[in-house]
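Peer 1: Please find final11.txt (compact mmCIF, C-alpha atoms and all ligand atoms) on the next line:
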# COMPACT_ATOMS: atom_id res chain seq x y z
CA MET A 1 15.31 -29.46 52.33
CA THR A 2 17.33 -29.16 49.14
CA THR A 3 17.09 -25.93 47.18
CA ARG A 4 14.79 -26.04 44.18
CA LYS A 5 16.61 -25.18 40.94
CA ILE A 6 14.73 -23.37 38.19
CA LEU A 7 15.75 -22.14 34.74
CA VAL A 8 13.99 -18.99 33.52
CA THR A 9 14.06 -17.98 29.84
CA GLY A 10 13.49 -14.29 29.19
CA GLY A 11 14.29 -13.48 32.81
CA ALA A 12 15.78 -10.10 31.88
CA GLY A 13 12.43 -8.86 30.56
CA TYR A 14 9.53 -7.19 32.35
CA ILE A 15 7.46 -10.06 33.80
CA GLY A 16 10.42 -12.46 33.78
CA SER A 17 12.64 -10.23 35.91
CA HIS A 18 9.91 -9.69 38.51
CA THR A 19 9.40 -13.45 38.71
CA VAL A 20 13.15 -14.06 39.07
CA ARG A 21 13.29 -11.64 42.05
CA LEU A 22 10.41 -13.38 43.76
CA LEU A 23 11.96 -16.79 43.14
CA LEU A 24 15.27 -15.62 44.61
CA ASP A 25 13.48 -13.96 47.54
CA GLN A 26 11.79 -17.30 48.22
CA GLY A 27 15.07 -19.21 48.21
CA TYR A 28 14.98 -20.83 44.76
CA GLU A 29 18.25 -21.24 42.85
CA VAL A 30 17.72 -19.48 39.52
CA THR A 31 19.51 -19.59 36.18
CA VAL A 32 18.34 -16.99 33.66
CA VAL A 33 18.73 -17.50 29.92
CA ASP A 34 18.22 -14.34 27.87
CA ASN A 35 19.71 -13.02 24.62
CA LEU A 36 19.08 -9.42 25.78
CA SER A 37 17.34 -8.58 22.48
CA LYS A 38 14.54 -7.03 24.56
CA GLY A 39 15.57 -7.54 28.17
CA TYR A 40 18.09 -5.62 30.25
CA ARG A 41 21.22 -7.05 31.83
CA GLU A 42 20.73 -4.94 34.96
CA ASN A 43 17.33 -6.60 35.56
CA VAL A 44 19.13 -9.83 36.49
CA PRO A 45 21.15 -10.04 39.70
CA VAL A 46 24.86 -10.58 38.98
CA GLY A 47 25.89 -14.19 38.50
CA HIS A 48 22.52 -15.53 37.37
CA LEU A 49 22.52 -14.64 33.66
CA VAL A 50 23.56 -16.91 30.81
CA GLU A 51 23.51 -14.69 27.73
CA MET A 52 22.37 -16.90 24.87
CA ASP A 53 19.57 -17.55 22.40
CA ILE A 54 16.94 -20.17 23.24
CA ALA A 55 17.14 -21.30 19.60
CA ASP A 56 20.52 -22.90 20.41
CA THR A 57 19.00 -26.22 21.53
CA ARG A 58 22.27 -28.01 22.18
CA ARG A 59 23.71 -25.28 24.35
CA LEU A 60 20.39 -24.88 26.17
CA ALA A 61 20.31 -28.61 26.97
CA ALA A 62 23.86 -28.31 28.33
CA VAL A 63 22.89 -25.29 30.48
CA LEU A 64 19.85 -27.17 31.78
CA LYS A 65 21.99 -30.17 32.74
CA GLU A 66 24.68 -28.04 34.32
CA SER A 67 22.21 -25.97 36.32
CA GLY A 68 20.41 -29.05 37.62
CA ALA A 69 17.09 -27.33 36.89
CA GLU A 70 13.97 -29.30 37.78
CA ALA A 71 11.66 -26.97 35.90
CA VAL A 72 11.63 -24.17 33.33
CA VAL A 73 9.66 -20.94 33.40
CA HIS A 74 9.53 -19.88 29.77
CA PHE A 75 8.97 -16.16 29.11
CA ALA A 76 11.27 -15.46 26.16
CA ALA A 77 9.11 -14.23 23.27
CA PHE A 78 8.17 -11.20 21.19
CA ILE A 79 5.01 -9.53 22.52
CA ALA A 80 3.86 -6.68 20.26
CA VAL A 81 0.57 -7.49 18.54
CA GLY A 82 0.87 -4.78 15.86
CA GLU A 83 4.42 -5.81 14.95
CA SER A 84 3.35 -9.47 14.77
CA MET A 85 0.91 -8.56 11.99
CA ARG A 86 3.68 -6.87 10.00
CA GLU A 87 6.38 -9.46 10.59
CA PRO A 88 4.67 -12.85 11.01
CA ALA A 89 7.74 -14.88 10.08
CA ARG A 90 9.84 -13.26 12.77
CA TYR A 91 7.12 -13.82 15.37
CA PHE A 92 6.44 -17.46 14.47
CA SER A 93 10.14 -18.15 14.30
CA ASN A 94 11.04 -16.58 17.63
CA ASN A 95 7.95 -17.59 19.58
CA VAL A 96 7.12 -21.02 18.13
CA CYS A 97 10.52 -22.31 16.98
CA GLY A 98 12.13 -20.80 20.09
CA SER A 99 9.67 -22.67 22.33
CA LEU A 100 10.16 -25.88 20.35
CA SER A 101 13.87 -25.55 20.99
CA VAL A 102 13.23 -25.09 24.73
CA LEU A 103 11.05 -28.23 24.78
CA ALA A 104 13.57 -30.25 22.78
CA ALA A 105 16.35 -29.19 25.16
CA MET A 106 14.16 -30.13 28.15
CA ALA A 107 13.44 -33.55 26.67
CA ASP A 108 17.16 -34.05 26.09
CA ALA A 109 18.10 -32.90 29.59
CA GLY A 110 15.27 -34.81 31.29
CA VAL A 111 13.58 -31.71 32.74
CA ARG A 112 9.95 -32.56 33.40
CA HIS A 113 8.02 -29.35 34.14
CA ILE A 114 7.39 -26.05 32.36
CA VAL A 115 5.40 -22.92 33.17
CA PHE A 116 4.60 -21.11 29.94
CA SER A 117 3.72 -17.43 29.31
CA SER A 118 0.55 -17.58 27.30
CA THR A 119 -1.91 -14.78 26.74
CA ALA A 120 -5.54 -13.71 26.78
CA ALA A 121 -4.99 -13.09 23.06
CA VAL A 122 -5.58 -16.83 22.51
CA TYR A 123 -9.31 -16.09 22.95
CA GLY A 124 -9.44 -13.46 20.18
CA ASN A 125 -12.74 -11.57 20.35
CA PRO A 126 -14.58 -13.56 23.00
CA HIS A 127 -18.36 -13.91 22.81
CA ALA A 128 -18.75 -12.93 26.47
CA THR A 129 -16.90 -11.51 29.44
CA PRO A 130 -15.56 -12.51 31.95
CA ILE A 131 -13.55 -15.02 29.96
CA LEU A 132 -13.37 -18.64 31.08
CA GLU A 133 -10.51 -20.98 30.21
CA THR A 134 -13.05 -23.16 28.38
CA PHE A 135 -13.92 -20.41 25.87
CA PRO A 136 -13.06 -21.13 22.22
CA ILE A 137 -9.43 -20.62 21.22
CA GLN A 138 -9.63 -18.32 18.20
CA PRO A 139 -6.79 -15.80 18.06
CA VAL A 140 -7.16 -12.82 15.75
CA ASN A 141 -3.49 -11.91 15.43
CA VAL A 142 -0.15 -13.59 14.80
CA TYR A 143 1.06 -12.99 18.34
CA GLY A 144 -1.95 -14.84 19.81
CA GLU A 145 -1.66 -17.59 17.20
CA SER A 146 2.01 -18.10 18.02
CA LYS A 147 1.06 -18.72 21.66
CA VAL A 148 -1.72 -21.13 20.65
CA MET A 149 0.81 -23.07 18.57
CA VAL A 150 3.09 -23.37 21.59
CA GLU A 151 0.17 -24.54 23.74
CA THR A 152 -0.28 -27.30 21.13
CA LEU A 153 3.41 -28.24 21.25
CA LEU A 154 3.13 -28.47 25.03
CA ARG A 155 0.33 -31.01 24.78
CA TRP A 156 2.46 -33.34 22.64
CA PHE A 157 5.57 -32.98 24.79
CA ASP A 158 3.45 -33.92 27.78
CA GLU A 159 2.01 -36.94 25.99
CA ILE A 160 5.29 -38.18 24.56
CA HIS A 161 7.97 -36.96 26.98
CA GLN A 162 5.87 -36.57 30.17
CA ILE A 163 6.79 -32.90 30.46
CA THR A 164 3.94 -31.41 32.49
CA ASN A 165 2.97 -27.79 31.84
CA VAL A 166 1.00 -24.87 33.16
CA ARG A 167 -0.07 -22.35 30.52
CA LEU A 168 -0.67 -18.97 32.17
CA ARG A 169 -2.87 -16.77 30.00
CA TYR A 170 -1.98 -13.24 31.02
CA PHE A 171 -4.32 -10.29 30.95
CA ASN A 172 -2.87 -6.73 31.23
CA ALA A 173 0.34 -6.78 33.24
CA CYS A 174 1.30 -3.43 34.74
CA GLY A 175 2.90 -1.85 37.81
CA ALA A 176 6.40 -2.44 39.08
CA ASP A 177 8.40 -4.00 41.89
CA PRO A 178 7.09 -2.27 45.07
CA GLN A 179 10.69 -1.74 46.19
CA GLY A 180 11.47 0.11 42.96
CA ARG A 181 14.20 -2.26 41.75
CA LEU A 182 12.43 -3.19 38.51
CA GLY A 183 9.73 -1.88 36.19
CA GLU A 184 8.36 -1.78 32.69
CA GLN A 185 10.77 -0.63 29.95
CA HIS A 186 9.60 -1.79 26.55
CA GLU A 187 11.13 -0.16 23.51
CA PRO A 188 9.08 0.95 21.70
CA GLU A 189 6.45 1.19 24.42
CA THR A 190 2.91 0.26 23.38
CA HIS A 191 1.24 -0.38 26.75
CA LEU A 192 -1.25 1.99 28.26
CA VAL A 193 0.05 2.62 31.79
CA PRO A 194 3.65 3.52 30.86
CA LEU A 195 2.39 5.62 27.93
CA VAL A 196 0.05 7.61 30.19
CA LEU A 197 2.92 8.16 32.65
CA ARG A 198 5.15 9.34 29.80
CA ALA A 199 2.43 11.79 28.75
CA VAL A 200 2.40 13.26 32.25
CA GLU A 201 6.17 13.72 32.17
CA SER A 202 6.58 14.94 28.61
CA GLY A 203 3.39 16.97 28.23
CA GLN A 204 2.86 15.15 24.91
CA PRO A 205 -0.71 13.81 24.82
CA VAL A 206 -1.43 10.10 24.87
CA THR A 207 -4.10 8.98 22.41
CA ILE A 208 -7.17 7.11 23.61
CA PHE A 209 -7.92 4.48 20.98
CA GLY A 210 -11.65 4.98 20.59
CA ASP A 211 -14.34 6.36 22.91
CA ASP A 212 -17.37 4.92 21.15
CA TYR A 213 -17.30 1.40 22.58
CA ASP A 214 -20.30 -0.11 24.30
CA THR A 215 -18.84 0.49 27.79
CA PRO A 216 -19.90 2.92 30.58
CA ASP A 217 -17.58 5.74 29.40
CA GLY A 218 -17.06 4.55 25.81
CA THR A 219 -13.42 3.47 26.26
CA CYS A 220 -12.12 -0.11 26.31
CA ILE A 221 -12.18 -2.22 29.43
CA ARG A 222 -9.18 -4.37 30.38
CA ASP A 223 -8.16 -6.46 33.38
CA TYR A 224 -5.04 -4.74 34.79
CA ILE A 225 -2.95 -6.99 37.00
CA HIS A 226 0.06 -6.01 39.09
CA VAL A 227 3.22 -7.62 37.72
CA ASN A 228 4.09 -9.03 41.16
CA ASP A 229 0.70 -10.75 41.42
CA LEU A 230 1.38 -12.17 37.97
CA ALA A 231 4.87 -13.25 39.06
CA ARG A 232 3.41 -15.00 42.11
CA ALA A 233 1.12 -17.01 39.85
CA HIS A 234 4.25 -18.49 38.23
CA ILE A 235 5.65 -19.59 41.55
CA GLN A 236 2.35 -21.17 42.55
CA ALA A 237 2.21 -22.89 39.16
CA LEU A 238 5.75 -24.22 39.70
CA GLU A 239 4.86 -25.53 43.13
CA TYR A 240 1.79 -27.18 41.65
CA LEU A 241 3.81 -28.95 38.95
CA LEU A 242 6.67 -29.91 41.27
CA GLY A 243 4.05 -31.35 43.62
CA GLY A 244 2.80 -33.67 40.88
CA GLY A 245 0.01 -31.53 39.36
CA THR A 246 -1.15 -32.38 35.84
CA SER A 247 -0.96 -30.03 32.84
CA ASP A 248 -3.50 -27.23 32.78
CA ALA A 249 -4.26 -23.68 31.57
CA PHE A 250 -5.17 -20.74 33.81
CA ASN A 251 -6.24 -17.18 33.20
CA VAL A 252 -4.20 -14.69 35.18
CA GLY A 253 -6.22 -11.57 35.80
CA THR A 254 -7.95 -9.96 38.77
CA GLY A 255 -11.48 -10.49 37.51
CA THR A 256 -12.13 -6.73 37.58
CA GLY A 257 -12.07 -4.47 34.54
CA HIS A 258 -11.12 -0.80 34.19
CA THR A 259 -11.64 1.58 31.29
CA VAL A 260 -8.88 3.62 29.66
CA LEU A 261 -10.35 6.75 31.24
CA GLU A 262 -10.22 5.13 34.67
CA ILE A 263 -6.51 4.50 34.16
CA ILE A 264 -6.04 8.14 33.22
CA ARG A 265 -7.93 9.28 36.35
CA ALA A 266 -5.85 6.96 38.54
CA VAL A 267 -2.65 8.41 37.07
CA GLU A 268 -3.93 11.91 37.76
CA GLU A 269 -4.66 11.01 41.38
CA VAL A 270 -1.29 9.38 41.95
CA THR A 271 0.85 12.00 40.21
CA GLY A 272 -1.25 15.02 41.18
CA ARG A 273 -0.95 16.20 37.57
CA LYS A 274 -3.29 16.44 34.60
CA VAL A 275 -2.82 13.82 31.91
CA PRO A 276 -2.76 15.41 28.47
CA TYR A 277 -4.74 13.20 26.09
CA THR A 278 -6.55 13.21 22.79
CA THR A 279 -9.09 10.79 21.42
CA GLY A 280 -8.33 8.95 18.22
CA PRO A 281 -9.90 6.15 16.22
CA ARG A 282 -10.20 2.61 17.51
CA ARG A 283 -7.09 0.44 17.29
CA GLU A 284 -7.61 -2.46 14.93
CA GLY A 285 -8.37 -5.74 16.69
CA ASP A 286 -9.23 -4.19 20.08
CA PRO A 287 -12.27 -5.87 21.66
CA ALA A 288 -14.45 -3.63 23.88
CA ALA A 289 -13.86 -5.61 27.07
CA LEU A 290 -11.40 -8.30 28.15
CA VAL A 291 -11.77 -9.41 31.74
CA ALA A 292 -10.57 -12.70 33.18
CA ALA A 293 -12.61 -15.20 35.09
CA SER A 294 -9.83 -16.02 37.55
CA ASP A 295 -11.72 -18.47 39.75
CA LYS A 296 -9.78 -21.47 38.46
CA LEU A 297 -6.41 -19.96 39.44
CA ARG A 298 -7.82 -18.99 42.83
CA THR A 299 -9.38 -22.36 43.63
CA LYS A 300 -6.89 -24.75 42.10
CA LEU A 301 -3.62 -22.92 42.83
CA GLY A 302 -4.73 -20.85 45.84
CA TRP A 303 -3.74 -17.59 44.12
CA LYS A 304 -5.15 -14.24 45.18
CA PRO A 305 -4.16 -10.78 43.96
CA GLN A 306 -2.39 -8.71 46.59
CA TYR A 307 -2.80 -5.41 44.70
CA THR A 308 -6.42 -4.71 43.85
CA ASP A 309 -6.27 -0.92 44.10
CA LEU A 310 -5.51 0.58 40.72
CA ARG A 311 -3.87 3.58 42.36
CA GLU A 312 -1.37 1.39 44.16
CA ILE A 313 -0.45 -0.33 40.89
CA VAL A 314 -0.02 3.03 39.19
CA ARG A 315 2.00 4.35 42.15
CA HIS A 316 4.54 1.56 41.78
CA ALA A 317 4.81 2.18 38.04
CA TRP A 318 5.19 5.93 38.64
CA ASN A 319 7.89 5.44 41.29
CA PHE A 320 9.88 3.31 38.86
CA ALA A 321 9.38 5.72 35.93
CA ARG A 322 10.66 8.64 38.02
CA LYS A 323 13.55 6.65 39.40
CA SER A 324 14.75 5.43 36.01
CA LYS A 325 14.50 8.96 34.66
CA THR A 326 16.54 10.55 37.40
CA GLY A 327 18.85 7.54 37.56
CA THR A 328 18.57 7.32 41.34
N1 LIG B 1 -4.71 2.11 24.65
C1 LIG B 1 -4.98 3.43 24.34
N2 LIG B 1 -3.94 4.22 23.94
C2 LIG B 1 -2.65 3.78 23.87
C3 LIG B 1 -2.38 2.43 24.21
C4 LIG B 1 -3.44 1.62 24.59
O1 LIG B 1 -6.12 3.87 24.40
O2 LIG B 1 -1.76 4.55 23.50
C5 LIG B 1 -5.81 1.24 25.07
C6 LIG B 1 -6.02 0.03 24.19
O3 LIG B 1 -6.93 0.33 23.14
C7 LIG B 1 -6.58 -0.99 25.18
C8 LIG B 1 -5.95 -0.61 26.50
O4 LIG B 1 -5.49 0.73 26.34
O5 LIG B 1 -7.98 -0.83 25.30
C9 LIG B 1 -4.78 -1.49 26.87
O6 LIG B 1 -3.89 -1.56 25.78
P1 LIG B 1 -2.44 -2.18 25.89
O7 LIG B 1 -1.78 -2.02 24.56
O8 LIG B 1 -1.76 -1.64 27.10
O9 LIG B 1 -2.70 -3.73 26.19
P2 LIG B 1 -3.57 -4.82 25.37
O10 LIG B 1 -4.96 -4.75 25.94
O11 LIG B 1 -3.48 -4.50 23.92
O12 LIG B 1 -2.90 -6.10 25.74
Spell out the structure here as structure tokens.
Ligand code: UDP
Peer 2:
Amino acid sequence: MTTRKILVTGGAGYIGSHTVRLLLDQGYEVTVVDNLSKGYRENVPVGHLVEMDIADTRRLAAVLKESGAEAVVHFAAFIAVGESMREPARYFSNNVCGSLSVLAAMADAGVRHIVFSSTAAVYGNPHATPILETFPIQPVNVYGESKVMVETLLRWFDEIHQITNVRLRYFNACGADPQGRLGEQHEPETHLVPLVLRAVESGQPVTIFGDDYDTPDGTCIRDYIHVNDLARAHIQALEYLLGGGTSDAFNVGTGTGHTVLEIIRAVEEVTGRKVPYTTGPRREGDPAALVAASDKLRTKLGWKPQYTDLREIVRHAWNFARKSKTGT
């Protein structure tokens, strides 16, 4: 069998780099395109990185042709919701125009499949939970809107250029490579699990954004999914498209929700230390509960989460945090 060749944009970032490792482990030939504005060179195994901006359509088309890629996994994007509301132009430009450039390059190079990093933020404040893929698309922030706009572009590139797509709508990615090679390193960090781990290490309290929600302990519920389970969904989506599957959207979550306090308790169990925390006001735009209905991904793509124990997810994140701190 010939080796499958895949091009990954944003493969030096958090979810991208975990997906690249899994692809390589499974024998795919991988070319990573990343401008390293957010990602880290050391996340990509030597020899696989092309350092460039996805906005450079002509060069990207040339890289696609040269690599012989049959499909693209497109991660490269800005991801901070709060920042997107302060700098909409930068977000629309990078996320929407960047994706348009990727699609134009694919059309030029004759690449016919794309797996796209979408988000649960496309649903905005859903009327019910768990969230089905058929729920109304009504984002409440620029980040979510930028992903909706790309989902629209994808529809037209399928219709006109026969580029089939899978839109993966992520819930809360967390954890790290079980072997400790990779982990989460956003700068600035805004995500709960790494912030709670930092609080344990620094002694500086993490703030819980609101404890007066209509949930069992008053804190928000989210669907926390191990980054490797998320990465595996991309590979299954690729296999689906390469096998002739038609364009579709899938939620990627475990189907189980946890509160902020449950995350804090899990961190305490794993680290054996108290988490210093304070309670602050609600964060603007935070719905009380966001949990995925993941049945579609399970039935249609045969996906199943491997890591369903929150403590195991936290343990992997903690191992990476300690390792990157000590530099071992
Ligand atoms: N959260 C919190 N304190 C923080 C960061 C996050 O209480 O310093 C809460 C946030 O309100 C949400 C959950 O943790 O309910 C997950 O937030 P995160 O930013 O990690 O992901 P999001 O759900 O926004 O994608």
Peer 1: Let me see if you get this right: every residue at most 10 Å from ligand LIG 1 (chain B), counting all atoms listed in the file, written as number ranges by chain.
Peer 2: A: 79-82, 119-121, 170-174, 189-196, 199, 205-211, 213, 219-224, 258-261, 263-264, 277-290
Peer 1: Pick the closest to A:Val148 from A:Asn125, A:Ser84, A:Ser118, A:Gln185: which is it, counting all atoms listed in the file?
Peer 2: A:Ser118
Peer 1: From the options A:Val72, A:Ala292, A:Val32, A:Val150, which residue's atoms come nearest to A:Ile114, counting only C-alpha atoms?
Peer 2: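 Answer, going by the shortest atom-to-atom distance: A:Val72.
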Peer 1: With distances taken over all atoms listed in the file, which of A:Leu100, A:Tyr143, A:Ser117, A:Gly110 is nearest to A:Gly10?
Peer 2: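 When distances to A:Gly10 are compared using all atoms listed in the file, the smallest one comes from A:Ser117.
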Peer 1: Can you pull out every residue within 12 Å of A:Ala266, counting all atoms listed in the file, but drop anything in the same chain fewer than 2 positions away, and send it as a list in words?
Peer 2: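 Contacts, with the query itself left out: Val193, Val196, Leu197, His258, Thr259, Val260, Leu261, Glu262, Ile263, Ile264, Glu268, Glu269, Val270, Thr271, Gly272, Arg273, Lys274, Val275, Asp309, Leu310, Arg311, Glu312, Ile313, Val314, Arg315, Ala317 and Trp318 of chain A.
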Peer 1: Could you name the residues that touch A:Arg155 at 12 Å or less, counting all atoms listed in the file, but leaving out those on the same chain fewer than 3 positions away, as a list in words?
Peer 2: Leu100, Leu103, Ile114, Phe116, Val148, Met149, Val150, Glu151, Thr152, Asp158, Glu159, Ile160, His161, Gln162, Ile163, Thr164, Asn165, Val166, Arg167, Thr246, Ser247, Asp248 and Ala249 of chain A
Peer 1: From the set A:Lys300, A:His226, A:His234, A:Arg4, which residue has the shortest atom-to-atom contact distance to A:Val73, counting all atoms listed in the file?
Peer 2: A:His234
Peer 1: With all atoms listed in the file as the atoms that count, which of A:Met106, A:Lys65, A:Pro276, A:Tyr14 lies nearest to A:Gly203?
Peer 2: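 Going through A:Met106, A:Lys65, A:Pro276, A:Tyr14 one by one, the smallest distance to A:Gly203 is for A:Pro276.
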Peer 1: Go through A:Ala76, A:Val142, A:Ile137, A:Ala293 and flag the residue nearest A:Val102, using all atoms listed in the file for the distances.
Peer 2: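 Under the stated criterion, the closest residue is A:Ala76.
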Peer 1: List as a tab-separated table (two decimals) with C-alpha atoms, in the frame of the given file: which residues have an atom within 10 Å of (14.3, -10.5, 40.8), counting all atoms listed in the file?
Peer 2:
chain	number	residue	atom	x	y	z
A	11	GLY	CA	14.29	-13.48	32.81
A	12	ALA	CA	15.78	-10.10	31.88
A	15	ILE	CA	7.46	-10.06	33.80
A	16	GLY	CA	10.42	-12.46	33.78
A	17	SER	CA	12.64	-10.23	35.91
A	18	HIS	CA	9.91	-9.69	38.51
A	19	THR	CA	9.40	-13.45	38.71
A	20	VAL	CA	13.15	-14.06	39.07
A	21	ARG	CA	13.29	-11.64	42.05
A	22	LEU	CA	10.41	-13.38	43.76
A	23	LEU	CA	11.96	-16.79	43.14
A	24	LEU	CA	15.27	-15.62	44.61
A	25	ASP	CA	13.48	-13.96	47.54
A	30	VAL	CA	17.72	-19.48	39.52
A	43	ASN	CA	17.33	-6.60	35.56
A	44	VAL	CA	19.13	-9.83	36.49
A	45	PRO	CA	21.15	-10.04	39.70
A	177	ASP	CA	8.40	-4.00	41.89
A	181	ARG	CA	14.20	-2.26	41.75
A	182	LEU	CA	12.43	-3.19	38.51
A	231	ALA	CA	4.87	-13.25	39.06
Peer 1: Excluding A:Ala61 and its own-chain neighbours fewer than 3 positions away, which residues fall within 7 Å of it when counting all atoms listed in the file? Please give them as a PyMOL selection string.
Peer 2: chain A and resi 57-58+64-65+105-106+108-109
Peer 1: Please indicate the distance in Å from atom CA of A:Arg232 to atom CA of A:Phe250, rounded to one decimal place.
Peer 2: 13.2 Å
Peer 1: Fewer than 2 positions away in the same chain doesn't count, so skip those; otherwise give me all residues within 6 Å of stretch 48-51 of chain A, counting only C-alpha atoms, as a list of chain:residue names.
Peer 2: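 Residues near the query, excluding close chain neighbours: A:Thr31, A:Val32, A:Val33, A:Asp34, A:Asn35, A:Val46.
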Peer 1: To one decimal in Å, tell me the separation between atom CA of A:Leu241 and atom CA of A:Leu301.
Peer 2: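 Atom CA of A:Leu301 lies 10.3 Å from atom CA of A:Leu241.
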Peer 1: Measure the distance from atom CA of A:Thr9 to atom CA of A:Ala89 in Å and round it to one decimal.
Peer 2: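 Atom-to-atom, atom CA of A:Thr9 and atom CA of A:Ala89 are spaced 21.0 Å apart.
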Peer 1: Residues within 10 Å of A:Trp303, please, as a ChimeraX atom specification. Count all atoms listed in the file; anything in the same chain fewer than 4 positions from it doesn't count.
Peer 2: /A:229-230,232-237,252,294-299
Peer 1: All heavy atoms for stretch 226-232 of chain A, written as an mmCIF file, in the frame of the given file, could you do that?
Peer 2:
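Result file is result.cif:
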data_model
loop_
_atom_site.group_PDB
_atom_site.id
_atom_site.type_symbol
_atom_site.label_atom_id
_atom_site.label_comp_id
_atom_site.auth_asym_id
_atom_site.auth_seq_id
_atom_site.Cartn_x
_atom_site.Cartn_y
_atom_site.Cartn_z
ATOM 1 N N HIS A 226 -1.277 -6.415 38.635
ATOM 2 C CA HIS A 226 0.060 -6.010 39.090
ATOM 3 C C HIS A 226 1.074 -7.102 38.726
ATOM 4 O O HIS A 226 0.831 -8.293 38.945
ATOM 5 C CB HIS A 226 0.048 -5.808 40.602
ATOM 6 C CG HIS A 226 1.268 -5.116 41.123
ATOM 7 N ND1 HIS A 226 2.518 -5.691 41.117
ATOM 8 C CD2 HIS A 226 1.438 -3.883 41.655
ATOM 9 C CE1 HIS A 226 3.398 -4.850 41.640
ATOM 10 N NE2 HIS A 226 2.763 -3.733 41.972
ATOM 11 N N VAL A 227 2.208 -6.676 38.197
ATOM 12 C CA VAL A 227 3.220 -7.620 37.720
ATOM 13 C C VAL A 227 3.686 -8.574 38.827
ATOM 14 O O VAL A 227 4.015 -9.729 38.556
ATOM 15 C CB VAL A 227 4.392 -6.847 37.058
ATOM 16 C CG1 VAL A 227 5.129 -5.977 38.065
ATOM 17 C CG2 VAL A 227 5.351 -7.771 36.336
ATOM 18 N N ASN A 228 3.664 -8.136 40.077
ATOM 19 C CA ASN A 228 4.090 -9.030 41.160
ATOM 20 C C ASN A 228 3.034 -10.107 41.436
ATOM 21 O O ASN A 228 3.378 -11.228 41.789
ATOM 22 C CB ASN A 228 4.379 -8.248 42.437
ATOM 23 C CG ASN A 228 5.858 -8.011 42.608
ATOM 24 O OD1 ASN A 228 6.593 -7.985 41.622
ATOM 25 N ND2 ASN A 228 6.311 -7.846 43.841
ATOM 26 N N ASP A 229 1.761 -9.744 41.285
ATOM 27 C CA ASP A 229 0.700 -10.750 41.420
ATOM 28 C C ASP A 229 0.824 -11.776 40.293
ATOM 29 O O ASP A 229 0.626 -12.977 40.499
ATOM 30 C CB ASP A 229 -0.678 -10.093 41.389
ATOM 31 C CG ASP A 229 -1.018 -9.417 42.720
ATOM 32 O OD1 ASP A 229 -0.505 -9.870 43.763
ATOM 33 O OD2 ASP A 229 -1.790 -8.440 42.714
ATOM 34 N N LEU A 230 1.168 -11.292 39.119
ATOM 35 C CA LEU A 230 1.380 -12.170 37.970
ATOM 36 C C LEU A 230 2.596 -13.069 38.240
ATOM 37 O O LEU A 230 2.549 -14.291 38.009
ATOM 38 C CB LEU A 230 1.610 -11.285 36.740
ATOM 39 C CG LEU A 230 1.678 -11.901 35.367
ATOM 40 C CD1 LEU A 230 0.551 -12.868 35.123
ATOM 41 C CD2 LEU A 230 1.634 -10.788 34.316
ATOM 42 N N ALA A 231 3.651 -12.481 38.756
ATOM 43 C CA ALA A 231 4.870 -13.250 39.060
ATOM 44 C C ALA A 231 4.563 -14.346 40.081
ATOM 45 O O ALA A 231 5.026 -15.479 39.951
ATOM 46 C CB ALA A 231 5.958 -12.311 39.587
ATOM 47 N N ARG A 232 3.744 -14.005 41.092
ATOM 48 C CA ARG A 232 3.410 -15.000 42.110
ATOM 49 C C ARG A 232 2.644 -16.184 41.531
ATOM 50 O O ARG A 232 2.786 -17.318 41.997
ATOM 51 C CB ARG A 232 2.622 -14.371 43.262
ATOM 52 C CG ARG A 232 3.537 -13.908 44.403
ATOM 53 C CD ARG A 232 2.775 -13.572 45.658
ATOM 54 N NE ARG A 232 1.681 -12.660 45.355
ATOM 55 C CZ ARG A 232 0.405 -13.017 45.365
ATOM 56 N NH1 ARG A 232 0.058 -14.247 45.704
ATOM 57 N NH2 ARG A 232 -0.524 -12.143 45.058
#
